[in-house]
Structure formats: C-alpha cells, structure tokens
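> To be precise about what I am sending: the file is called final_27.cif and holds mmCIF, C-alpha atoms.
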data_query
#
loop_
_atom_site.group_PDB
_atom_site.id
_atom_site.type_symbol
_atom_site.label_atom_id
_atom_site.label_comp_id
_atom_site.auth_asym_id
_atom_site.auth_seq_id
_atom_site.Cartn_x
_atom_site.Cartn_y
_atom_site.Cartn_z
ATOM 1 C CA MET A 1 77.312 -50.940 -216.527
ATOM 2 C CA LYS A 2 74.857 -52.051 -213.821
ATOM 3 C CA VAL A 3 73.462 -48.529 -213.495
ATOM 4 C CA PHE A 4 73.069 -48.146 -217.258
ATOM 5 C CA ILE A 5 71.240 -51.458 -217.615
ATOM 6 C CA THR A 6 68.977 -50.713 -214.661
ATOM 7 C CA PHE A 7 68.257 -47.047 -215.325
ATOM 8 C CA GLY A 8 68.793 -46.841 -219.115
ATOM 9 C CA PRO A 9 65.143 -46.079 -219.954
ATOM 10 C CA VAL A 10 64.983 -43.412 -217.242
ATOM 11 C CA ILE A 11 68.180 -41.774 -218.519
ATOM 12 C CA GLY A 12 66.887 -41.904 -222.101
ATOM 13 C CA ALA A 13 63.515 -40.455 -221.112
ATOM 14 C CA GLY A 14 65.298 -37.625 -219.305
ATOM 15 C CA ILE A 15 67.379 -36.793 -222.378
ATOM 16 C CA LEU A 16 64.301 -36.970 -224.602
ATOM 17 C CA ALA A 17 62.278 -34.722 -222.280
ATOM 18 C CA ALA A 18 65.122 -32.193 -222.091
ATOM 19 C CA TYR A 19 65.367 -32.113 -225.889
ATOM 20 C CA VAL A 20 61.599 -31.627 -226.310
ATOM 21 C CA LEU A 21 61.643 -28.832 -223.719
ATOM 22 C CA ALA A 22 64.571 -27.138 -225.453
ATOM 23 C CA MET A 23 62.780 -27.347 -228.805
ATOM 24 C CA ARG A 24 59.575 -25.878 -227.328
ATOM 25 C CA ILE A 25 61.540 -22.964 -225.925
ATOM 26 C CA TYR A 26 63.317 -22.547 -229.283
ATOM 27 C CA VAL A 27 59.954 -22.452 -231.088
ATOM 28 C CA CYS A 28 58.596 -19.858 -228.642
ATOM 29 C CA VAL A 29 61.633 -17.637 -229.172
ATOM 30 C CA LYS A 30 62.290 -18.096 -232.914
ATOM 31 C CA GLY A 31 58.886 -19.153 -234.226
ATOM 32 C CA ARG A 32 57.507 -22.368 -235.657
ATOM 33 C CA ASP A 33 59.165 -21.941 -239.037
ATOM 34 C CA ALA A 34 62.613 -21.971 -237.407
ATOM 35 C CA ILE A 35 62.475 -25.722 -236.690
ATOM 36 C CA ALA A 36 64.651 -27.296 -239.325
ATOM 37 C CA LEU A 37 64.418 -30.835 -240.637
ATOM 38 C CA ILE A 38 67.588 -31.724 -238.706
ATOM 39 C CA TYR A 39 65.828 -31.124 -235.372
ATOM 40 C CA LYS A 40 63.027 -33.521 -236.355
ATOM 41 C CA ARG A 41 65.629 -36.148 -237.303
ATOM 42 C CA ILE A 42 67.371 -35.708 -233.955
ATOM 43 C CA TYR A 43 64.010 -36.214 -232.223
ATOM 44 C CA LYS A 44 63.389 -39.441 -234.143
ATOM 45 C CA LEU A 45 66.937 -40.614 -233.333
ATOM 46 C CA LEU A 46 66.313 -39.992 -229.626
ATOM 47 C CA ILE A 47 63.089 -42.031 -229.820
ATOM 48 C CA VAL A 48 65.018 -44.930 -231.380
ATOM 49 C CA MET A 49 67.713 -44.617 -228.675
ATOM 50 C CA GLU A 50 65.016 -44.797 -225.985
ATOM 51 C CA LEU A 51 63.645 -47.987 -227.531
ATOM 52 C CA VAL A 52 67.167 -49.471 -227.597
ATOM 53 C CA PHE A 53 67.662 -48.541 -223.904
ATOM 54 C CA CYS A 54 64.382 -50.263 -223.035
ATOM 55 C CA ALA A 55 65.356 -53.364 -224.997
ATOM 56 C CA ILE A 56 68.769 -53.519 -223.289
ATOM 57 C CA THR A 57 67.181 -53.158 -219.849
ATOM 58 C CA PHE A 58 64.717 -55.924 -220.621
ATOM 59 C CA LEU A 59 66.956 -58.378 -222.509
ATOM 60 C CA VAL A 60 70.389 -58.258 -220.821
ATOM 61 C CA PRO A 61 69.271 -59.620 -217.408
ATOM 62 C CA ARG A 62 67.258 -62.378 -219.081
ATOM 63 C CA VAL A 63 70.061 -63.431 -221.430
ATOM 64 C CA THR A 64 72.866 -63.318 -218.838
ATOM 65 C CA GLY A 65 70.784 -64.538 -215.895
ATOM 66 C CA LYS A 66 72.565 -62.017 -213.644
ATOM 67 C CA SER A 67 70.995 -59.536 -211.278
ATOM 68 C CA TYR A 68 71.281 -55.890 -212.278
ATOM 69 C CA LEU A 69 69.527 -54.458 -209.243
ATOM 70 C CA PRO A 70 71.384 -51.587 -207.591
ATOM 71 C CA ASP A 71 72.448 -52.052 -203.965
ATOM 72 C CA GLY A 72 69.566 -51.597 -201.556
ATOM 73 C CA ALA A 73 66.885 -52.350 -204.166
ATOM 74 C CA THR A 74 64.203 -55.048 -204.219
ATOM 75 C CA ARG A 75 62.073 -56.353 -207.065
ATOM 76 C CA GLY A 76 58.609 -57.685 -206.235
ATOM 77 C CA GLY A 77 58.985 -57.312 -202.470
ATOM 78 C CA VAL A 78 56.472 -57.315 -199.640
ATOM 79 C CA VAL A 79 57.278 -56.871 -195.927
ATOM 80 C CA VAL A 80 54.693 -57.480 -193.211
ATOM 81 C CA SER A 81 55.399 -57.014 -189.518
ATOM 82 C CA THR A 82 52.709 -57.994 -187.016
ATOM 83 C CA LYS A 83 52.694 -58.513 -183.246
ATOM 84 C CA SER A 84 53.383 -62.224 -183.737
ATOM 85 C CA ALA A 85 55.380 -62.533 -186.966
ATOM 86 C CA PHE A 86 57.776 -60.866 -189.375
ATOM 87 C CA LYS A 87 57.177 -61.877 -193.027
ATOM 88 C CA ILE A 88 59.151 -61.014 -196.148
ATOM 89 C CA SER A 89 58.762 -62.162 -199.728
ATOM 90 C CA TYR A 90 60.472 -60.933 -202.882
ATOM 91 C CA LYS A 91 61.517 -62.024 -206.343
ATOM 92 C CA GLU A 92 64.991 -60.495 -206.103
ATOM 93 C CA SER A 93 66.741 -58.274 -203.569
ATOM 94 C CA ASN A 94 70.112 -56.654 -202.894
ATOM 95 C CA ARG A 95 69.481 -55.680 -199.304
ATOM 96 C CA GLY A 96 68.896 -57.047 -195.838
ATOM 97 C CA TYR A 97 65.736 -56.763 -193.758
ATOM 98 C CA SER A 98 65.834 -56.131 -190.046
ATOM 99 C CA ASP A 99 63.430 -56.011 -187.122
ATOM 100 C CA THR A 100 64.071 -55.517 -183.403
ATOM 101 C CA LEU A 101 61.707 -57.403 -181.126
ATOM 102 C CA GLU A 102 60.965 -57.327 -177.410
ATOM 103 C CA LEU A 103 60.741 -61.014 -176.471
ATOM 104 C CA ASP A 104 60.004 -62.817 -173.216
ATOM 105 C CA GLU A 105 61.098 -66.336 -172.188
ATOM 106 C CA GLU A 106 58.065 -68.026 -173.780
ATOM 107 C CA ASP A 107 58.600 -66.166 -177.059
ATOM 108 C CA LEU A 108 62.236 -67.311 -177.170
ATOM 109 C CA GLU A 109 61.135 -70.933 -176.792
ATOM 110 C CA ARG A 110 58.550 -70.600 -179.615
ATOM 111 C CA MET A 111 60.806 -68.742 -182.088
ATOM 112 C CA ARG A 112 60.224 -70.418 -185.462
ATOM 113 C CA VAL A 113 61.695 -69.610 -188.861
ATOM 114 C CA ARG A 114 60.318 -70.630 -192.252
ATOM 115 C CA CYS A 115 62.233 -69.787 -195.386
ATOM 116 C CA SER A 116 62.122 -71.001 -198.955
ATOM 117 C CA CYS A 117 64.030 -69.787 -201.992
ATOM 118 C CA ASP A 118 64.581 -70.964 -205.552
ATOM 119 C CA GLU A 119 68.209 -69.805 -205.863
ATOM 120 C CA GLY A 120 71.002 -68.556 -203.631
ATOM 121 C CA ARG A 121 71.420 -68.687 -199.852
ATOM 122 C CA VAL A 122 69.496 -66.921 -197.074
ATOM 123 C CA TYR A 123 70.890 -66.203 -193.601
ATOM 124 C CA LEU A 124 69.382 -64.952 -190.362
ATOM 125 C CA GLN A 125 71.625 -62.844 -188.134
ATOM 126 C CA ILE A 126 70.547 -62.596 -184.506
ATOM 127 C CA GLN A 127 72.035 -59.945 -182.220
ATOM 128 C CA GLN A 128 71.520 -58.944 -178.608
ATOM 129 C CA GLU A 129 74.102 -56.628 -177.041
ATOM 130 C CA LYS A 130 77.338 -58.712 -177.311
ATOM 131 C CA ALA A 131 75.692 -61.997 -178.296
ATOM 132 C CA TRP A 132 75.655 -62.598 -182.062
ATOM 133 C CA LYS A 133 74.726 -65.596 -184.181
ATOM 134 C CA GLU A 134 74.262 -66.288 -187.891
ATOM 135 C CA VAL A 135 72.135 -69.192 -189.101
ATOM 136 C CA ASP A 136 71.768 -70.518 -192.656
ATOM 137 C CA ILE A 137 67.984 -70.692 -193.092
ATOM 138 C CA THR A 138 67.830 -71.573 -196.790
ATOM 139 C CA ASN A 139 64.763 -73.794 -197.332
ATOM 140 C CA THR A 140 64.198 -74.253 -193.595
ATOM 141 C CA ASP A 141 61.152 -74.747 -191.395
ATOM 142 C CA SER A 142 62.276 -75.209 -187.789
ATOM 143 C CA LEU A 143 62.504 -73.793 -184.288
ATOM 144 C CA LEU A 144 65.472 -71.490 -183.678
ATOM 145 C CA ASP A 145 68.017 -72.324 -181.004
ATOM 146 C CA MET A 146 67.840 -69.211 -178.831
ATOM 147 C CA THR A 147 69.819 -70.546 -175.834
ATOM 148 C CA ASP A 148 72.523 -67.865 -176.275
ATOM 149 C CA PHE A 149 69.967 -65.062 -175.849
ATOM 150 C CA CYS A 150 68.066 -63.635 -172.877
ATOM 151 C CA PRO A 151 64.573 -62.143 -172.762
ATOM 152 C CA GLY A 152 64.594 -58.543 -173.943
ATOM 153 C CA ARG A 153 65.347 -56.634 -177.148
ATOM 154 C CA ILE A 154 66.786 -58.827 -179.919
ATOM 155 C CA THR A 155 67.529 -57.735 -183.484
ATOM 156 C CA PHE A 156 66.878 -60.168 -186.344
ATOM 157 C CA THR A 157 68.348 -59.419 -189.762
ATOM 158 C CA MET A 158 67.574 -61.522 -192.821
ATOM 159 C CA VAL A 159 70.266 -61.288 -195.537
ATOM 160 C CA ASN A 160 70.699 -63.164 -198.773
ATOM 161 C CA GLU A 161 73.380 -64.121 -201.241
ATOM 162 C CA ASN A 162 71.787 -64.031 -204.684
ATOM 163 C CA GLY A 163 68.467 -65.211 -203.233
ATOM 164 C CA ARG A 164 65.580 -65.309 -205.679
ATOM 165 C CA ASN A 165 61.880 -65.939 -205.078
ATOM 166 C CA VAL A 166 62.339 -65.854 -201.310
ATOM 167 C CA ASP A 167 59.515 -66.364 -198.800
ATOM 168 C CA PHE A 168 60.602 -65.779 -195.194
ATOM 169 C CA GLU A 169 58.646 -65.845 -191.941
ATOM 170 C CA LEU A 170 59.853 -65.388 -188.385
ATOM 171 C CA GLU A 171 57.159 -66.296 -185.864
ATOM 172 C CA TRP A 172 57.365 -65.962 -182.079
ATOM 173 C CA MET A 173 53.788 -66.012 -180.749
ATOM 174 C CA GLU A 174 50.882 -68.332 -181.168
ATOM 175 C CA THR A 175 48.102 -66.601 -183.062
#
Translate this structure into structure tokens?


Amino acid sequence: MKVFITFGPVIGAGILAAYVLAMRIYVCVKGRDAIALIYKRIYKLLIVMELVFCAITFLVPRVTGKSYLPDGATRGGVVVSTKSAFKISYKESNRGYSDTLELDEEDLERMRVRCSCDEGRVYLQIQQEKAWKEVDITNTDSLLDMTDFCPGRITFTMVNENGRNVDFELEWMET
C-alpha cells in the first residue's frame, strides 16, 4: 500500500506511456483508420486513472497524517558538511545520516549538538571502535558528554523516529 500511495502517479504515467507507444506502433503498422473508438475510450480511461492516482498520492497522507515515504527516502532534505560542522534539515525522513570525523582533544571538549523537531524523536549515535553511545537529542542545544571517547576517528549517526521538520547541527570547531 505504501508503495502504491508513494509511486501511484509514476506507475500510472508508465502505463499511460506504454499504451500511447503501443497505439503509435499500431497506427504505423495498420494505418490511422485502424484506430477504433474503443482505443480512444481506453486512452481517456487511463487519463482518468492517472488523475485518481495523483489525488490518492496527494490526499491520503494529508487525511491520515501518516508518512508514506519508502525506507531510505527524505522529503525536503538538505545536508551540509563543513570542516567545523555537520548540518541536516528535512521535512520528513525515513533514514539515518552519518558522518565520520577525525577529532582531537579540543574538538571533543567543544562538541555541541543543536536539534529541533516538530514531531517524533531524534537520536544521535556515537561510535568509536568498541565504545558506543546513544543520546536523545530531541529539541536540544547543549555540549555533548564525550568522556567515553578518545581523540581520533568517531562516527556520528543521526536517526529519527517519525521526526518531522527536523533541524540538526553538530559543531566541533569554533568558526
């Protein structure tokens, strides 16, 4: 159901394009007079079906309030990674975002996270070799406790549970 609601217009457009292509080939082979009224009615029916698919894709998520994004997809997302910060913002997402950083002692002390979201929960997973930590960062603006980690390569992964309108920033250097 999720796939149909998300990709309904694409599926319908594919069927419509295939039908038009088949009719063009039929006309080339049999001639223009061979197109019967029934084929024109089928074409009009396919147009109406495409409009219904578009309406379903637009209306169902708004009426139910549920997310119909496929796994790994993001709606309205922007990711920016600079030498001093890792920033993510999106309207809706069904995926995690990850970045591996090379940090020194000073960077670990300055590690700051800012996160805001309208709905759901947002978590930051921090991993370095065998050390692992998960922090709930929903609507947070604070320094991270990095005492369990040593200078070196550390992987930060931001994940969400039904997070909507999320703005996330991980900052480790003064700019």

> Using atom CA of A:Tyr90 and atom CA of A:Ala73 as the two end points, give the distance in Å to one decimal.

10.8 Å

> Can you tell me how far atom CA of A:Arg110 sits from atom CA of A:Asn94, in Å to one decimal?

29.5 Å

> Could you tell me how far atom CA of A:Val52 sits from atom CA of A:Leu21, in Å to one decimal place?

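If I compute the distance from atom CA of A:Leu21 to atom CA of A:Val52, I get 21.7 Å.
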
> Pick the closest to A:Glu109 from A:Val79, A:Ile137, A:Ala85, A:Met146: which is it, counting all atoms listed in the file?

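Of A:Val79, A:Ile137, A:Ala85, A:Met146, the one nearest A:Glu109 is A:Met146, counting all atoms listed in the file.
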
> Around all of stretch 70-85 of chain A's listed atoms, make the axis-aligned box with 8 Å on each side and tell me centre and edge lengths in Å to one decimal, as AutoDock Vina command-line options.


--center_x 62.6 --center_y -57.1 --center_z -195.4 --size_x 35.8 --size_y 26.9 --size_z 40.3

> A:Lys133, A:Trp172, A:Leu46, A:Ile5: which is nearest A:Pro61, counting all atoms listed in the file?

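With all atoms listed in the file as the atom set, the closest residue is A:Ile5.
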
> Can you work out which one of A:Thr155, A:Thr6, A:Thr64, A:Thr140 has the shortest atom-to-atom distance to A:Val113, counting only C-alpha atoms?

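Nearest candidate to A:Val113 out of A:Thr155, A:Thr6, A:Thr64, A:Thr140: A:Thr140.
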
> Measuring atom to atom with all atoms listed in the file, identify which of A:Ala131, A:Val159, A:Ile56, A:Cys117 is nearest to A:Tyr97.

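Result for the nearest residue to A:Tyr97: A:Val159.
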
> Selected by the PyMOL selection byres ((chain A and resi 74) around 8) in the shown coordinates: which residues, as a list in words?

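Residues picked by the PyMOL selection byres ((chain A and resi 74) around 8): Leu69, Gly72, Ala73, Arg75, Gly76, Gly77, Tyr90, Lys91, Glu92, Ser93, Asn94 and Arg95 of chain A.
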
> Given the PyMOL selection byres ((chain A and resi 128) around 8) and the file above, list the residues it selects as a PyMOL selection string.

chain A and resi 126-127+129-132+149+153-155

> Output C-alpha atoms for every residue in that selection, as an mmCIF file, in the coordinates of the input.


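What landed in part-v5.cif:
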data_model
loop_
_atom_site.group_PDB
_atom_site.id
_atom_site.type_symbol
_atom_site.label_atom_id
_atom_site.label_comp_id
_atom_site.auth_asym_id
_atom_site.auth_seq_id
_atom_site.Cartn_x
_atom_site.Cartn_y
_atom_site.Cartn_z
ATOM 1 C CA ILE A 126 70.547 -62.596 -184.506
ATOM 2 C CA GLN A 127 72.035 -59.945 -182.220
ATOM 3 C CA GLU A 129 74.102 -56.628 -177.041
ATOM 4 C CA LYS A 130 77.338 -58.712 -177.311
ATOM 5 C CA ALA A 131 75.692 -61.997 -178.296
ATOM 6 C CA TRP A 132 75.655 -62.598 -182.062
ATOM 7 C CA PHE A 149 69.967 -65.062 -175.849
ATOM 8 C CA ARG A 153 65.347 -56.634 -177.148
ATOM 9 C CA ILE A 154 66.786 -58.827 -179.919
ATOM 10 C CA THR A 155 67.529 -57.735 -183.484
#

> For each of A:Glu106, A:Glu119, A:Glu134, A:Asp145, take the minimum atom-to-atom distance to A:Val166, counting only C-alpha atoms, then give the residue where this is smallest.

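Going through A:Glu106, A:Glu119, A:Glu134, A:Asp145 one by one, the smallest distance to A:Val166 is for A:Glu119.
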
> Any idea what's packed within 12 Å of A:Met173, counting all atoms listed in the file, ignoring anything in its chain fewer than 4 positions away? Could you give it as a list in words?

Thr82, Lys83, Ser84, Ala85, Phe86, Leu101, Glu102, Leu103, Asp104, Glu105, Glu106, Asp107, Leu108, Glu109, Arg110, Met111, Arg112 and Val113 of chain A

> Using all atoms listed in the file, which of A:Asp141, A:Glu50, A:Met158, A:Phe7 sits nearest A:Ser98?

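Between A:Asp141, A:Glu50, A:Met158, A:Phe7, the residue approaching A:Ser98 most closely is A:Met158.
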